[in-house]
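Printed here is start.cif (mmCIF, N, CA and C atoms):
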```
data_start
loop_
_atom_site.label_atom_id
_atom_site.label_comp_id
_atom_site.auth_asym_id
_atom_site.auth_seq_id
_atom_site.Cartn_x
_atom_site.Cartn_y
_atom_site.Cartn_z
N MET L 1 -43.14 146.96 -75.19
CA MET L 1 -42.00 147.80 -74.90
C MET L 1 -40.74 146.93 -74.93
N ASP L 2 -39.73 147.37 -75.66
CA ASP L 2 -38.51 146.57 -75.76
C ASP L 2 -37.65 146.73 -74.50
N ALA L 3 -36.68 145.86 -74.37
CA ALA L 3 -35.87 145.80 -73.15
C ALA L 3 -35.02 147.05 -72.94
N ASN L 4 -34.52 147.64 -74.02
CA ASN L 4 -33.69 148.83 -73.86
C ASN L 4 -34.51 150.03 -73.38
N THR L 5 -35.75 150.15 -73.85
CA THR L 5 -36.63 151.21 -73.38
C THR L 5 -36.96 151.01 -71.91
N LYS L 6 -37.24 149.76 -71.55
CA LYS L 6 -37.54 149.43 -70.16
C LYS L 6 -36.33 149.75 -69.27
N LYS L 7 -35.14 149.40 -69.76
CA LYS L 7 -33.91 149.67 -69.01
C LYS L 7 -33.74 151.16 -68.77
N THR L 8 -33.99 151.97 -69.80
CA THR L 8 -33.86 153.42 -69.67
C THR L 8 -34.87 153.97 -68.67
N ILE L 9 -36.10 153.48 -68.73
CA ILE L 9 -37.13 153.94 -67.79
C ILE L 9 -36.75 153.58 -66.36
N TYR L 10 -36.28 152.36 -66.13
CA TYR L 10 -35.89 151.94 -64.79
C TYR L 10 -34.71 152.77 -64.26
N ILE L 11 -33.76 153.06 -65.10
CA ILE L 11 -32.62 153.87 -64.66
C ILE L 11 -33.07 155.28 -64.32
N CYS L 12 -33.95 155.86 -65.13
CA CYS L 12 -34.48 157.19 -64.83
C CYS L 12 -35.26 157.21 -63.52
N LEU L 13 -36.06 156.17 -63.30
CA LEU L 13 -36.79 156.07 -62.03
C LEU L 13 -35.83 155.96 -60.84
N ALA L 14 -34.77 155.21 -61.02
CA ALA L 14 -33.77 155.07 -59.95
C ALA L 14 -33.13 156.41 -59.63
N VAL L 15 -32.81 157.17 -60.66
CA VAL L 15 -32.21 158.49 -60.45
C VAL L 15 -33.19 159.40 -59.71
N VAL L 16 -34.46 159.35 -60.08
CA VAL L 16 -35.47 160.17 -59.40
C VAL L 16 -35.59 159.78 -57.94
N VAL L 17 -35.60 158.48 -57.65
CA VAL L 17 -35.71 158.02 -56.27
C VAL L 17 -34.50 158.48 -55.45
N ILE L 18 -33.32 158.36 -56.03
CA ILE L 18 -32.11 158.79 -55.32
C ILE L 18 -32.11 160.30 -55.10
N LEU L 19 -32.52 161.06 -56.11
CA LEU L 19 -32.59 162.51 -55.94
C LEU L 19 -33.64 162.90 -54.91
N PHE L 20 -34.77 162.20 -54.91
CA PHE L 20 -35.81 162.48 -53.92
C PHE L 20 -35.30 162.18 -52.51
N SER L 21 -34.55 161.10 -52.36
CA SER L 21 -34.02 160.77 -51.03
C SER L 21 -32.99 161.79 -50.57
N SER L 22 -32.36 162.49 -51.50
CA SER L 22 -31.37 163.51 -51.09
C SER L 22 -32.04 164.70 -50.42
N VAL L 23 -33.34 164.86 -50.62
CA VAL L 23 -34.08 165.91 -49.92
C VAL L 23 -33.99 165.71 -48.42
N PHE L 24 -33.95 164.44 -48.00
CA PHE L 24 -33.87 164.15 -46.57
C PHE L 24 -32.54 164.61 -45.96
N LEU L 25 -31.55 164.89 -46.78
CA LEU L 25 -30.27 165.37 -46.24
C LEU L 25 -30.44 166.69 -45.51
N GLY L 26 -31.40 167.50 -45.93
CA GLY L 26 -31.61 168.79 -45.28
C GLY L 26 -32.73 168.79 -44.26
N ILE L 27 -33.58 167.76 -44.27
CA ILE L 27 -34.76 167.74 -43.40
C ILE L 27 -34.52 166.97 -42.10
N LEU L 28 -33.95 165.80 -42.20
CA LEU L 28 -33.77 164.95 -41.02
C LEU L 28 -32.60 165.42 -40.16
N PRO L 29 -32.60 165.03 -38.88
CA PRO L 29 -31.47 165.37 -38.01
C PRO L 29 -30.17 164.72 -38.50
N GLU L 30 -29.09 165.21 -38.02
CA GLU L 30 -27.74 164.90 -38.52
C GLU L 30 -27.41 163.44 -38.80
N PRO L 31 -27.47 162.52 -37.87
CA PRO L 31 -26.99 161.18 -38.26
C PRO L 31 -27.97 160.44 -39.18
N TYR L 32 -29.25 160.77 -39.10
CA TYR L 32 -30.25 160.00 -39.83
C TYR L 32 -30.34 160.38 -41.31
N ASP L 33 -30.04 161.62 -41.64
CA ASP L 33 -30.17 162.05 -43.03
C ASP L 33 -29.25 161.26 -43.95
N LEU L 34 -28.01 161.10 -43.55
CA LEU L 34 -27.05 160.36 -44.37
C LEU L 34 -27.38 158.87 -44.41
N VAL L 35 -27.86 158.33 -43.30
CA VAL L 35 -28.24 156.92 -43.25
C VAL L 35 -29.40 156.65 -44.22
N VAL L 36 -30.40 157.52 -44.23
CA VAL L 36 -31.53 157.37 -45.14
C VAL L 36 -31.06 157.47 -46.59
N PHE L 37 -30.23 158.44 -46.88
CA PHE L 37 -29.76 158.63 -48.25
C PHE L 37 -28.96 157.42 -48.73
N ILE L 38 -28.03 156.95 -47.93
CA ILE L 38 -27.19 155.80 -48.31
C ILE L 38 -28.05 154.54 -48.43
N SER L 39 -29.00 154.36 -47.52
CA SER L 39 -29.87 153.17 -47.57
C SER L 39 -30.72 153.16 -48.84
N VAL L 40 -31.33 154.28 -49.17
CA VAL L 40 -32.18 154.36 -50.36
C VAL L 40 -31.34 154.17 -51.62
N THR L 41 -30.18 154.80 -51.66
CA THR L 41 -29.31 154.67 -52.83
C THR L 41 -28.86 153.22 -53.01
N LEU L 42 -28.42 152.59 -51.95
CA LEU L 42 -27.96 151.20 -52.02
C LEU L 42 -29.10 150.25 -52.43
N ALA L 43 -30.27 150.44 -51.83
CA ALA L 43 -31.42 149.59 -52.18
C ALA L 43 -31.80 149.77 -53.65
N THR L 44 -31.77 150.98 -54.14
CA THR L 44 -32.11 151.24 -55.54
C THR L 44 -31.12 150.59 -56.48
N VAL L 45 -29.84 150.72 -56.18
CA VAL L 45 -28.81 150.12 -57.02
C VAL L 45 -28.93 148.60 -57.01
N LEU L 46 -29.16 148.02 -55.85
CA LEU L 46 -29.29 146.57 -55.76
C LEU L 46 -30.52 146.06 -56.52
N LEU L 47 -31.62 146.80 -56.49
CA LEU L 47 -32.80 146.42 -57.26
C LEU L 47 -32.53 146.48 -58.76
N LEU L 48 -31.81 147.51 -59.19
CA LEU L 48 -31.45 147.61 -60.61
C LEU L 48 -30.54 146.46 -61.04
N VAL L 49 -29.59 146.12 -60.22
CA VAL L 49 -28.67 145.01 -60.54
C VAL L 49 -29.44 143.70 -60.60
N ARG L 50 -30.35 143.50 -59.68
CA ARG L 50 -31.16 142.28 -59.68
C ARG L 50 -32.02 142.20 -60.93
N TRP L 51 -32.65 143.32 -61.29
CA TRP L 51 -33.49 143.34 -62.49
C TRP L 51 -32.68 143.05 -63.75
N THR L 52 -31.52 143.70 -63.89
CA THR L 52 -30.71 143.47 -65.11
C THR L 52 -30.21 142.04 -65.16
N SER L 53 -29.96 141.43 -64.01
CA SER L 53 -29.52 140.03 -64.00
C SER L 53 -30.62 139.11 -64.52
N LYS L 54 -31.86 139.45 -64.22
CA LYS L 54 -32.97 138.62 -64.67
C LYS L 54 -33.39 138.93 -66.11
N ALA L 55 -33.17 140.16 -66.56
CA ALA L 55 -33.68 140.58 -67.87
C ALA L 55 -32.68 140.43 -69.00
N PHE L 56 -31.39 140.30 -68.69
CA PHE L 56 -30.36 140.26 -69.73
C PHE L 56 -29.50 139.00 -69.62
N ALA L 57 -29.03 138.54 -70.76
CA ALA L 57 -28.08 137.43 -70.85
C ALA L 57 -26.85 137.94 -71.60
N PHE L 58 -25.84 137.10 -71.70
CA PHE L 58 -24.59 137.50 -72.34
C PHE L 58 -24.13 136.45 -73.33
N ARG L 59 -23.41 136.91 -74.34
CA ARG L 59 -22.86 136.02 -75.37
C ARG L 59 -21.35 136.20 -75.42
N CYS L 60 -20.65 135.08 -75.40
CA CYS L 60 -19.19 135.09 -75.50
C CYS L 60 -18.80 135.40 -76.95
N PRO L 61 -17.95 136.40 -77.18
CA PRO L 61 -17.54 136.71 -78.56
C PRO L 61 -16.57 135.68 -79.13
N LYS L 62 -15.95 134.87 -78.29
CA LYS L 62 -14.99 133.86 -78.77
C LYS L 62 -15.67 132.59 -79.25
N CYS L 63 -16.58 132.04 -78.42
CA CYS L 63 -17.20 130.76 -78.78
C CYS L 63 -18.68 130.87 -79.12
N GLY L 64 -19.30 132.02 -78.84
CA GLY L 64 -20.70 132.23 -79.16
C GLY L 64 -21.69 131.68 -78.14
N HIS L 65 -21.18 131.15 -77.03
CA HIS L 65 -22.04 130.58 -75.99
C HIS L 65 -22.85 131.69 -75.31
N GLU L 66 -24.15 131.45 -75.12
CA GLU L 66 -25.01 132.40 -74.42
C GLU L 66 -25.21 131.91 -72.99
N PHE L 67 -25.10 132.82 -72.04
CA PHE L 67 -25.20 132.44 -70.63
C PHE L 67 -25.76 133.57 -69.79
N GLU L 68 -26.23 133.22 -68.60
CA GLU L 68 -26.76 134.17 -67.63
C GLU L 68 -25.78 134.29 -66.48
N ILE L 69 -25.89 135.39 -65.74
CA ILE L 69 -24.99 135.58 -64.59
C ILE L 69 -25.82 135.87 -63.34
N LEU L 70 -25.22 135.62 -62.20
CA LEU L 70 -25.84 135.92 -60.92
C LEU L 70 -25.80 137.42 -60.65
N ALA L 71 -26.69 137.87 -59.79
CA ALA L 71 -26.72 139.29 -59.45
C ALA L 71 -25.42 139.74 -58.78
N THR L 72 -24.80 138.88 -57.98
CA THR L 72 -23.53 139.26 -57.33
C THR L 72 -22.43 139.46 -58.36
N VAL L 73 -22.39 138.60 -59.37
CA VAL L 73 -21.40 138.74 -60.44
C VAL L 73 -21.70 140.01 -61.23
N ASN L 74 -22.97 140.26 -61.48
CA ASN L 74 -23.37 141.46 -62.20
C ASN L 74 -22.95 142.72 -61.44
N PHE L 75 -23.05 142.69 -60.13
CA PHE L 75 -22.72 143.85 -59.31
C PHE L 75 -21.23 144.15 -59.30
N ILE L 76 -20.39 143.10 -59.25
CA ILE L 76 -18.95 143.35 -59.06
C ILE L 76 -18.13 143.36 -60.35
N SER L 77 -18.67 142.84 -61.44
CA SER L 77 -17.85 142.76 -62.66
C SER L 77 -17.83 144.09 -63.41
N PRO L 78 -16.69 144.44 -63.98
CA PRO L 78 -16.59 145.69 -64.74
C PRO L 78 -17.42 145.61 -66.02
N HIS L 79 -17.90 146.76 -66.46
CA HIS L 79 -18.73 146.78 -67.66
C HIS L 79 -18.53 148.05 -68.46
N LEU L 80 -18.88 147.95 -69.73
CA LEU L 80 -18.99 149.10 -70.61
C LEU L 80 -20.46 149.21 -70.98
N GLU L 81 -20.80 149.99 -71.98
CA GLU L 81 -22.21 150.24 -72.28
C GLU L 81 -23.02 148.95 -72.49
N ASN L 82 -22.58 148.08 -73.35
CA ASN L 82 -23.34 146.87 -73.64
C ASN L 82 -22.49 145.61 -73.47
N LYS L 83 -21.39 145.74 -72.76
CA LYS L 83 -20.47 144.62 -72.56
C LYS L 83 -20.12 144.50 -71.09
N LYS L 84 -19.74 143.30 -70.70
CA LYS L 84 -19.35 143.04 -69.32
C LYS L 84 -18.18 142.07 -69.34
N TYR L 85 -17.19 142.33 -68.50
CA TYR L 85 -16.01 141.48 -68.44
C TYR L 85 -16.32 140.27 -67.57
N LEU L 86 -16.51 139.13 -68.24
CA LEU L 86 -16.94 137.91 -67.56
C LEU L 86 -16.13 136.71 -68.02
N ARG L 87 -16.22 135.65 -67.25
CA ARG L 87 -15.61 134.39 -67.65
C ARG L 87 -16.69 133.53 -68.30
N CYS L 88 -16.44 133.13 -69.53
CA CYS L 88 -17.40 132.30 -70.25
C CYS L 88 -17.42 130.91 -69.61
N PRO L 89 -18.60 130.41 -69.25
CA PRO L 89 -18.67 129.09 -68.63
C PRO L 89 -18.37 127.95 -69.61
N HIS L 90 -18.41 128.23 -70.90
CA HIS L 90 -18.18 127.19 -71.90
C HIS L 90 -16.69 127.07 -72.25
N CYS L 91 -16.07 128.18 -72.67
CA CYS L 91 -14.66 128.12 -73.09
C CYS L 91 -13.69 128.53 -71.99
N LYS L 92 -14.22 128.99 -70.84
CA LYS L 92 -13.43 129.34 -69.65
C LYS L 92 -12.49 130.54 -69.86
N ARG L 93 -12.72 131.34 -70.88
CA ARG L 93 -11.88 132.53 -71.11
C ARG L 93 -12.56 133.75 -70.50
N PHE L 94 -11.74 134.70 -70.06
CA PHE L 94 -12.26 135.99 -69.63
C PHE L 94 -12.40 136.85 -70.88
N VAL L 95 -13.62 137.32 -71.13
CA VAL L 95 -13.91 138.09 -72.34
C VAL L 95 -14.85 139.24 -72.01
N TRP L 96 -14.94 140.19 -72.93
CA TRP L 96 -15.95 141.24 -72.85
C TRP L 96 -17.21 140.68 -73.50
N ALA L 97 -18.04 140.03 -72.70
CA ALA L 97 -19.26 139.40 -73.19
C ALA L 97 -20.29 140.47 -73.59
N ILE L 98 -21.03 140.18 -74.64
CA ILE L 98 -21.99 141.12 -75.17
C ILE L 98 -23.35 140.84 -74.53
N GLY L 99 -23.93 141.87 -73.94
CA GLY L 99 -25.24 141.72 -73.31
C GLY L 99 -26.37 141.88 -74.30
N PHE L 100 -27.44 141.14 -74.06
CA PHE L 100 -28.64 141.26 -74.90
C PHE L 100 -29.85 140.87 -74.05
N PRO L 101 -31.03 141.41 -74.38
CA PRO L 101 -32.23 141.07 -73.62
C PRO L 101 -32.57 139.59 -73.77
N LYS L 102 -32.98 138.97 -72.68
CA LYS L 102 -33.38 137.56 -72.76
C LYS L 102 -34.58 137.43 -73.69
N GLY L 103 -34.62 136.34 -74.42
CA GLY L 103 -35.70 136.13 -75.37
C GLY L 103 -35.35 136.59 -76.77
N ARG L 104 -34.26 137.35 -76.90
CA ARG L 104 -33.77 137.79 -78.22
C ARG L 104 -32.34 137.33 -78.37
N SER L 105 -31.96 136.94 -79.55
CA SER L 105 -30.59 136.47 -79.75
C SER L 105 -29.76 137.44 -80.48
#
```
Just give me the structure as structure tokens.
Amino acid sequence: MDANTKKTIYICLAVVVILFSSVFLGILPEPYDLVVFISVTLATVLLLVRWTSKAFAFRCPKCGHEFEILATVNFISPHLENKKYLRCPHCKRFVWAIGFPKGRS
């Protein structure tokens, strides 16, 4: 299974988990329903960010340097579909780095 298919499956699973946790909004008593929903949503998003940090690398369009990023950088940096606004560790420029699955160039 290629990385993009895996990514799609993981995102779909995350959406299902978040939607399933929203059921608790109507079942649990008042303060707990929102706490459960926010906790499950946050945990799911953090797991996805951690997985993408381990599964994908980035290439600088200016110098061609390939590099990995930390999960915290992955979480806070702006992104488009297959690009992320990052600082290249080689040329030190802020660029829209192109993401690709690790193991493929």
DSSP strand (DSSP E) residues within chain L, listed as JSON, numbers by chain: {"L": [56, 57, 58, 59, 66, 67, 83, 84, 85, 86, 87, 94, 95, 96, 97, 98, 99, 100, 101]}
Who sits within 8 Å of L:Ser21, only N, CA and C atoms, same chain under 2 positions skipped, as a ChimeraX atom specification: /L:15-19,23-26,33,36-38,40-41
Starting from the displayed file, determine the output of the PyMOL selection byres (((chain L and resi 48-61 and name CA) around 9) and name CA) and express the residue list as a PyMOL selection string. chain L and resi 3+7+10-11+14+43-47+62-75+83-84+86-88+90-91+93+95-103+105
Could the residues in this selection be saved with N, CA and C atoms as a short mmCIF file (atom, residue, chain, number, x, y, z; two decimals), in the frame of the given file?
```cif
data_model
loop_
_atom_site.label_atom_id
_atom_site.label_comp_id
_atom_site.auth_asym_id
_atom_site.auth_seq_id
_atom_site.Cartn_x
_atom_site.Cartn_y
_atom_site.Cartn_z
N ALA L 3 -36.68 145.86 -74.37
CA ALA L 3 -35.87 145.80 -73.15
C ALA L 3 -35.02 147.05 -72.94
N LYS L 7 -35.14 149.40 -69.76
CA LYS L 7 -33.91 149.67 -69.01
C LYS L 7 -33.74 151.16 -68.77
N TYR L 10 -36.28 152.36 -66.13
CA TYR L 10 -35.89 151.94 -64.79
C TYR L 10 -34.71 152.77 -64.26
N ILE L 11 -33.76 153.06 -65.10
CA ILE L 11 -32.62 153.87 -64.66
C ILE L 11 -33.07 155.28 -64.32
N ALA L 14 -34.77 155.21 -61.02
CA ALA L 14 -33.77 155.07 -59.95
C ALA L 14 -33.13 156.41 -59.63
N ALA L 43 -30.27 150.44 -51.83
CA ALA L 43 -31.42 149.59 -52.18
C ALA L 43 -31.80 149.77 -53.65
N THR L 44 -31.77 150.98 -54.14
CA THR L 44 -32.11 151.24 -55.54
C THR L 44 -31.12 150.59 -56.48
N VAL L 45 -29.84 150.72 -56.18
CA VAL L 45 -28.81 150.12 -57.02
C VAL L 45 -28.93 148.60 -57.01
N LEU L 46 -29.16 148.02 -55.85
CA LEU L 46 -29.29 146.57 -55.76
C LEU L 46 -30.52 146.06 -56.52
N LEU L 47 -31.62 146.80 -56.49
CA LEU L 47 -32.80 146.42 -57.26
C LEU L 47 -32.53 146.48 -58.76
N LYS L 62 -15.95 134.87 -78.29
CA LYS L 62 -14.99 133.86 -78.77
C LYS L 62 -15.67 132.59 -79.25
N CYS L 63 -16.58 132.04 -78.42
CA CYS L 63 -17.20 130.76 -78.78
C CYS L 63 -18.68 130.87 -79.12
N GLY L 64 -19.30 132.02 -78.84
CA GLY L 64 -20.70 132.23 -79.16
C GLY L 64 -21.69 131.68 -78.14
N HIS L 65 -21.18 131.15 -77.03
CA HIS L 65 -22.04 130.58 -75.99
C HIS L 65 -22.85 131.69 -75.31
N GLU L 66 -24.15 131.45 -75.12
CA GLU L 66 -25.01 132.40 -74.42
C GLU L 66 -25.21 131.91 -72.99
N PHE L 67 -25.10 132.82 -72.04
CA PHE L 67 -25.20 132.44 -70.63
C PHE L 67 -25.76 133.57 -69.79
N GLU L 68 -26.23 133.22 -68.60
CA GLU L 68 -26.76 134.17 -67.63
C GLU L 68 -25.78 134.29 -66.48
N ILE L 69 -25.89 135.39 -65.74
CA ILE L 69 -24.99 135.58 -64.59
C ILE L 69 -25.82 135.87 -63.34
N LEU L 70 -25.22 135.62 -62.20
CA LEU L 70 -25.84 135.92 -60.92
C LEU L 70 -25.80 137.42 -60.65
N ALA L 71 -26.69 137.87 -59.79
CA ALA L 71 -26.72 139.29 -59.45
C ALA L 71 -25.42 139.74 -58.78
N THR L 72 -24.80 138.88 -57.98
CA THR L 72 -23.53 139.26 -57.33
C THR L 72 -22.43 139.46 -58.36
N VAL L 73 -22.39 138.60 -59.37
CA VAL L 73 -21.40 138.74 -60.44
C VAL L 73 -21.70 140.01 -61.23
N ASN L 74 -22.97 140.26 -61.48
CA ASN L 74 -23.37 141.46 -62.20
C ASN L 74 -22.95 142.72 -61.44
N PHE L 75 -23.05 142.69 -60.13
CA PHE L 75 -22.72 143.85 -59.31
C PHE L 75 -21.23 144.15 -59.30
N LYS L 83 -21.39 145.74 -72.76
CA LYS L 83 -20.47 144.62 -72.56
C LYS L 83 -20.12 144.50 -71.09
N LYS L 84 -19.74 143.30 -70.70
CA LYS L 84 -19.35 143.04 -69.32
C LYS L 84 -18.18 142.07 -69.34
N LEU L 86 -16.51 139.13 -68.24
CA LEU L 86 -16.94 137.91 -67.56
C LEU L 86 -16.13 136.71 -68.02
N ARG L 87 -16.22 135.65 -67.25
CA ARG L 87 -15.61 134.39 -67.65
C ARG L 87 -16.69 133.53 -68.30
N CYS L 88 -16.44 133.13 -69.53
CA CYS L 88 -17.40 132.30 -70.25
C CYS L 88 -17.42 130.91 -69.61
N HIS L 90 -18.41 128.23 -70.90
CA HIS L 90 -18.18 127.19 -71.90
C HIS L 90 -16.69 127.07 -72.25
N CYS L 91 -16.07 128.18 -72.67
CA CYS L 91 -14.66 128.12 -73.09
C CYS L 91 -13.69 128.53 -71.99
N ARG L 93 -12.72 131.34 -70.88
CA ARG L 93 -11.88 132.53 -71.11
C ARG L 93 -12.56 133.75 -70.50
N VAL L 95 -13.62 137.32 -71.13
CA VAL L 95 -13.91 138.09 -72.34
C VAL L 95 -14.85 139.24 -72.01
N TRP L 96 -14.94 140.19 -72.93
CA TRP L 96 -15.95 141.24 -72.85
C TRP L 96 -17.21 140.68 -73.50
N ALA L 97 -18.04 140.03 -72.70
CA ALA L 97 -19.26 139.40 -73.19
C ALA L 97 -20.29 140.47 -73.59
N ILE L 98 -21.03 140.18 -74.64
CA ILE L 98 -21.99 141.12 -75.17
C ILE L 98 -23.35 140.84 -74.53
N GLY L 99 -23.93 141.87 -73.94
CA GLY L 99 -25.24 141.72 -73.31
C GLY L 99 -26.37 141.88 -74.30
N PHE L 100 -27.44 141.14 -74.06
CA PHE L 100 -28.64 141.26 -74.90
C PHE L 100 -29.85 140.87 -74.05
N PRO L 101 -31.03 141.41 -74.38
CA PRO L 101 -32.23 141.07 -73.62
C PRO L 101 -32.57 139.59 -73.77
N LYS L 102 -32.98 138.97 -72.68
CA LYS L 102 -33.38 137.56 -72.76
C LYS L 102 -34.58 137.43 -73.69
N GLY L 103 -34.62 136.34 -74.42
CA GLY L 103 -35.70 136.13 -75.37
C GLY L 103 -35.35 136.59 -76.77
N SER L 105 -31.96 136.94 -79.55
CA SER L 105 -30.59 136.47 -79.75
C SER L 105 -29.76 137.44 -80.48
#
```
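You will find atom N of L:Lys6 at 22.1 Å from atom CA of L:Pro78.
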What are the centre and the three edge lengths of an axis-aligned box that wraps all atoms of stretch 26-44 of chain L in the file, given that 6 Å is added to every side, written as JSON and rounded to one decimal in Å?
```
{"center_x": -30.9, "center_y": 159.2, "center_z": -47.2, "size_x": 19.8, "size_y": 31.2, "size_z": 30.6}
```
Separation of atom N of L:Phe94 from atom C of L:Ser77 in Å: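 Rounded to one decimal, the two atoms are 13.0 Å apart.
The interatomic distance for the pair atom CA of L:Cys12 and atom C of L:Tyr32 works out to 24.1 Å.
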DSSP on the backbone, then: every residue of chain L marked alpha helix (DSSP H), written as a ChimeraX atom specification. /L:3-22,24-27,30-55,71-76
